[in-house]
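Visitor: Just so it is clear, I am handing over target_16.txt, which has compact mmCIF, C-alpha atoms.
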# COMPACT_ATOMS: atom_id res chain seq x y z
CA MET A 26 22.40 -7.14 -13.33
CA THR A 27 25.26 -8.82 -15.18
CA ARG A 28 25.38 -8.52 -18.96
CA THR A 29 26.58 -11.31 -21.21
CA PRO A 30 29.27 -10.54 -23.83
CA ALA A 31 26.60 -10.65 -26.57
CA GLU A 32 24.44 -8.08 -24.76
CA ALA A 33 27.41 -5.78 -24.23
CA THR A 34 27.96 -5.48 -28.01
CA VAL A 35 24.34 -4.76 -29.04
CA PHE A 36 23.66 -1.30 -30.44
CA ASP A 37 21.17 0.46 -32.68
CA LEU A 38 22.32 0.19 -36.32
CA GLU A 39 20.33 3.32 -37.20
CA ARG A 40 22.80 5.32 -35.10
CA VAL A 41 25.96 4.00 -36.81
CA VAL A 42 27.96 6.81 -38.42
CA CYS A 43 30.91 4.77 -39.74
CA ARG A 44 33.51 2.21 -38.78
CA LEU A 45 36.35 3.74 -36.78
CA SER A 46 38.79 2.08 -39.19
CA GLU A 47 37.23 4.06 -42.08
CA LEU A 48 38.22 7.33 -40.42
CA GLU A 49 41.95 7.88 -40.81
CA ALA A 50 43.99 9.39 -37.96
CA HIS A 51 43.55 13.04 -39.01
CA ALA A 52 40.61 12.84 -41.38
CA ALA A 53 36.94 13.79 -41.63
CA ARG A 54 33.93 12.31 -43.39
CA ALA A 55 30.31 13.25 -43.94
CA PHE A 56 27.29 11.23 -42.85
CA THR A 57 23.53 11.43 -43.20
CA ILE A 58 21.16 9.81 -40.74
CA GLY A 59 17.41 9.96 -41.12
CA CYS A 60 15.06 10.34 -44.03
CA GLY A 61 12.77 12.72 -45.82
CA ASP A 62 13.41 16.43 -46.19
CA TRP A 63 15.16 16.82 -42.82
CA PRO A 64 17.83 14.16 -42.24
CA LEU A 65 20.74 14.89 -39.94
CA ARG A 66 23.67 15.86 -42.13
CA GLY A 67 26.86 15.90 -40.16
CA PHE A 68 30.50 14.99 -40.24
CA VAL A 69 32.97 13.26 -38.01
CA VAL A 70 36.55 14.36 -37.55
CA ARG A 71 39.38 12.41 -36.00
CA SER A 72 42.44 13.81 -34.34
CA GLY A 73 44.60 10.96 -33.11
CA ASP A 74 42.40 8.83 -30.85
CA ALA A 75 39.68 11.46 -30.39
CA VAL A 76 36.55 11.46 -32.58
CA ARG A 77 34.25 14.50 -32.70
CA GLY A 78 30.99 15.06 -34.56
CA TYR A 79 29.35 18.24 -35.80
CA VAL A 80 26.26 19.20 -37.76
CA ASN A 81 27.40 20.06 -41.29
CA ARG A 82 26.11 23.63 -41.15
CA CYS A 83 28.12 26.85 -41.09
CA PRO A 84 27.07 29.10 -38.17
CA HIS A 85 27.59 32.15 -40.41
CA ALA A 86 25.68 31.26 -43.57
CA GLY A 87 23.71 28.13 -42.63
CA HIS A 88 24.95 25.99 -45.51
CA ALA A 89 27.18 22.91 -45.64
CA LEU A 90 30.86 23.45 -44.80
CA ASN A 91 32.17 21.27 -47.62
CA LEU A 92 31.73 21.90 -51.33
CA LEU A 93 33.41 18.63 -52.28
CA PRO A 94 32.81 15.25 -50.61
CA GLN A 95 34.92 14.65 -47.50
CA ARG A 96 36.65 18.07 -47.77
CA PHE A 97 36.26 19.49 -44.27
CA LEU A 98 39.86 20.19 -43.25
CA THR A 99 42.61 22.63 -44.08
CA ALA A 100 45.42 21.27 -46.28
CA ASP A 101 47.51 20.42 -43.21
CA GLY A 102 44.53 18.78 -41.47
CA ALA A 103 44.87 21.00 -38.40
CA LEU A 104 41.52 22.84 -38.62
CA ILE A 105 38.01 22.47 -40.02
CA VAL A 106 37.39 24.94 -42.85
CA CYS A 107 34.22 26.33 -44.41
CA ALA A 108 34.80 25.99 -48.15
CA SER A 109 32.62 28.94 -49.14
CA HIS A 110 34.17 31.72 -47.03
CA GLY A 111 37.20 30.23 -45.30
CA ALA A 112 36.09 30.30 -41.68
CA LEU A 113 38.37 28.13 -39.52
CA PHE A 114 37.19 25.96 -36.64
CA GLU A 115 39.04 23.98 -33.97
CA LYS A 116 38.62 20.23 -34.48
CA ALA A 117 38.29 19.48 -30.77
CA THR A 118 35.65 22.11 -29.95
CA GLY A 119 34.12 23.40 -33.20
CA TYR A 120 34.98 26.95 -32.07
CA CYS A 121 35.55 29.41 -34.93
CA VAL A 122 38.98 30.99 -34.60
CA ALA A 123 38.95 33.03 -37.83
CA GLY A 124 36.47 34.22 -40.44
CA PRO A 125 33.05 35.90 -40.50
CA CYS A 126 31.69 33.72 -37.69
CA ALA A 127 34.68 34.15 -35.34
CA GLY A 128 33.66 33.46 -31.76
CA ARG A 129 30.74 31.20 -32.73
CA SER A 130 30.81 27.40 -32.83
CA LEU A 131 29.66 24.48 -34.90
CA THR A 132 26.78 22.48 -33.43
CA PRO A 133 28.29 19.42 -31.75
CA VAL A 134 26.92 15.91 -32.25
CA ALA A 135 27.63 13.60 -29.32
CA LEU A 136 29.29 10.39 -30.45
CA GLU A 137 30.50 7.20 -28.88
CA VAL A 138 32.86 4.53 -30.14
CA ARG A 139 31.80 0.95 -29.48
CA CYS A 140 32.98 -2.32 -30.97
CA GLY A 141 34.95 -0.47 -33.64
CA PHE A 142 32.00 1.67 -34.76
CA VAL A 143 31.36 5.39 -34.38
CA LEU A 144 27.74 5.92 -33.30
CA LEU A 145 25.48 8.80 -32.35
CA ALA A 146 25.37 8.81 -28.56
CA GLY A 147 22.12 7.52 -27.12
CA SER A 148 21.33 10.98 -25.75
CA GLU A 149 21.17 12.63 -29.21
CA GLU A 150 17.75 13.38 -30.70
CA LEU A 151 17.91 13.41 -34.48
CA THR A 152 14.99 15.78 -34.97
CA GLU A 153 16.54 18.43 -32.72
CA LEU A 154 19.92 18.32 -34.49
CA SER A 155 18.54 18.25 -38.02
CA GLY A 156 15.90 20.92 -37.52
CA ALA A 157 13.23 18.47 -38.64
CA PRO A 158 9.59 19.25 -37.90
CA GLY A 159 8.89 15.54 -37.26
CA GLY A 160 10.84 12.35 -36.97
CA CYS A 161 11.50 9.26 -39.00
CA SER A 162 13.83 6.37 -38.68
CA GLU A 163 16.10 5.17 -41.45
CA ARG A 164 19.59 3.71 -41.60
CA ALA A 165 22.59 6.01 -41.88
CA SER A 166 24.27 6.64 -45.19
CA LEU A 167 27.91 7.51 -45.63
CA GLU A 168 28.64 10.14 -48.21
Using structure tokens, write down the structure that the file contains.
Guide:
Amino acid sequence: MTRTPAEATVFDLERVVCRLSELEAHAARAFTIGCGDWPLRGFVVRSGDAVRGYVNRCPHAGHALNLLPQRFLTADGALIVCASHGALFEKATGYCVAGPCAGRSLTPVALEVRCGFVLLAGSEELTELSGAPGGCSERASLE
């Protein structure tokens, strides 16, 4: 089956994380997708052309990595840092290289870039990533 140009650019707006242009070359930003008590709270990080997503939850303490909005990276932008105890994670893999959770990893969120937008990959189930007991559907919010 051949797709028309219009069909090739159709995607689910509820899965939009951000515009790729809003994510600077070596930056990170938070996002929330879903509703109620259990939305998916994650963040995207960009390293050159690569974009990676992770659940915003420290594997050591279970809380958010950032204390301030959009503060996920070390001062030089080379690593992801947990603001509460200083654990350091590789941007490309989420693997903890130093700190109390060394050897553990952040929970990855599969992403895709289409038409200039960063989206949750179609294979991702929001309720599984967020820990939600049930599901709901609401547009993403950028934090």
Visitor: Do you have the CA of Ala117 in chain A-CA of Ala52 in chain A distance handy?
Guide: 12.7 Å
Visitor: Would you please work out which residue, of A:Cys43, A:Val143, A:Leu104, A:Val134, is nearest to Leu65 in chain A when using only C-alpha atoms?
Guide: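 Residue with the minimum atom-to-atom distance to Leu65 in chain A: A:Val134.
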Visitor: Can you work out which one of A:Gly59, A:Asn91, A:Pro125, A:Glu49 has the shortest atom-to-atom distance to Ala75 in chain A, counting only C-alpha atoms?
Guide: A:Glu49
Visitor: Could you check how far CA of Glu137 in chain A sits from CA of His88 in chain A, in Å to one decimal?
Guide: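 Value for the CA of Glu137 in chain A-CA of His88 in chain A distance: 25.7 Å.
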Visitor: Counting all atoms listed in the file, select every polymer residue within 10 Å of (39.8, 26.0, -41.5) as defined in the file's coordinates, and provide the selection as a PyMOL selection string.
Guide: chain A and resi 90+97-108+110-116+121-124
Visitor: Quick one: distance from CA of His85 in chain A to CA of Gly147 in chain A in Å, one decimal?
Guide: 28.5 Å
Visitor: Pick out the closest residue to Gly73 in chain A from this set: A:Ala135, A:Val42, A:Leu92, A:Ala50. Count only C-alpha atoms.
Guide: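 With only C-alpha atoms as the atom set, the closest residue is A:Ala50.
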Visitor: In the coordinates of the file, take the point (23.3, 25.0, -38.1) and a cut-off of 9 Å; then, counting all atoms listed in the file, name each qualifying protein, DNA or RNA residue as a VMD selection string.
Guide: chain A and resid 80 to 89 131 to 132 154 to 156
Visitor: Please provide as an MDAnalysis selection string all residues within 10 Å of Leu136 in chain A, with the sequence filter that same-chain residues fewer than 5 positions apart are discarded (counting all atoms listed in the file).
Guide: chainID A and resid 40:42 69 76:79 143:149
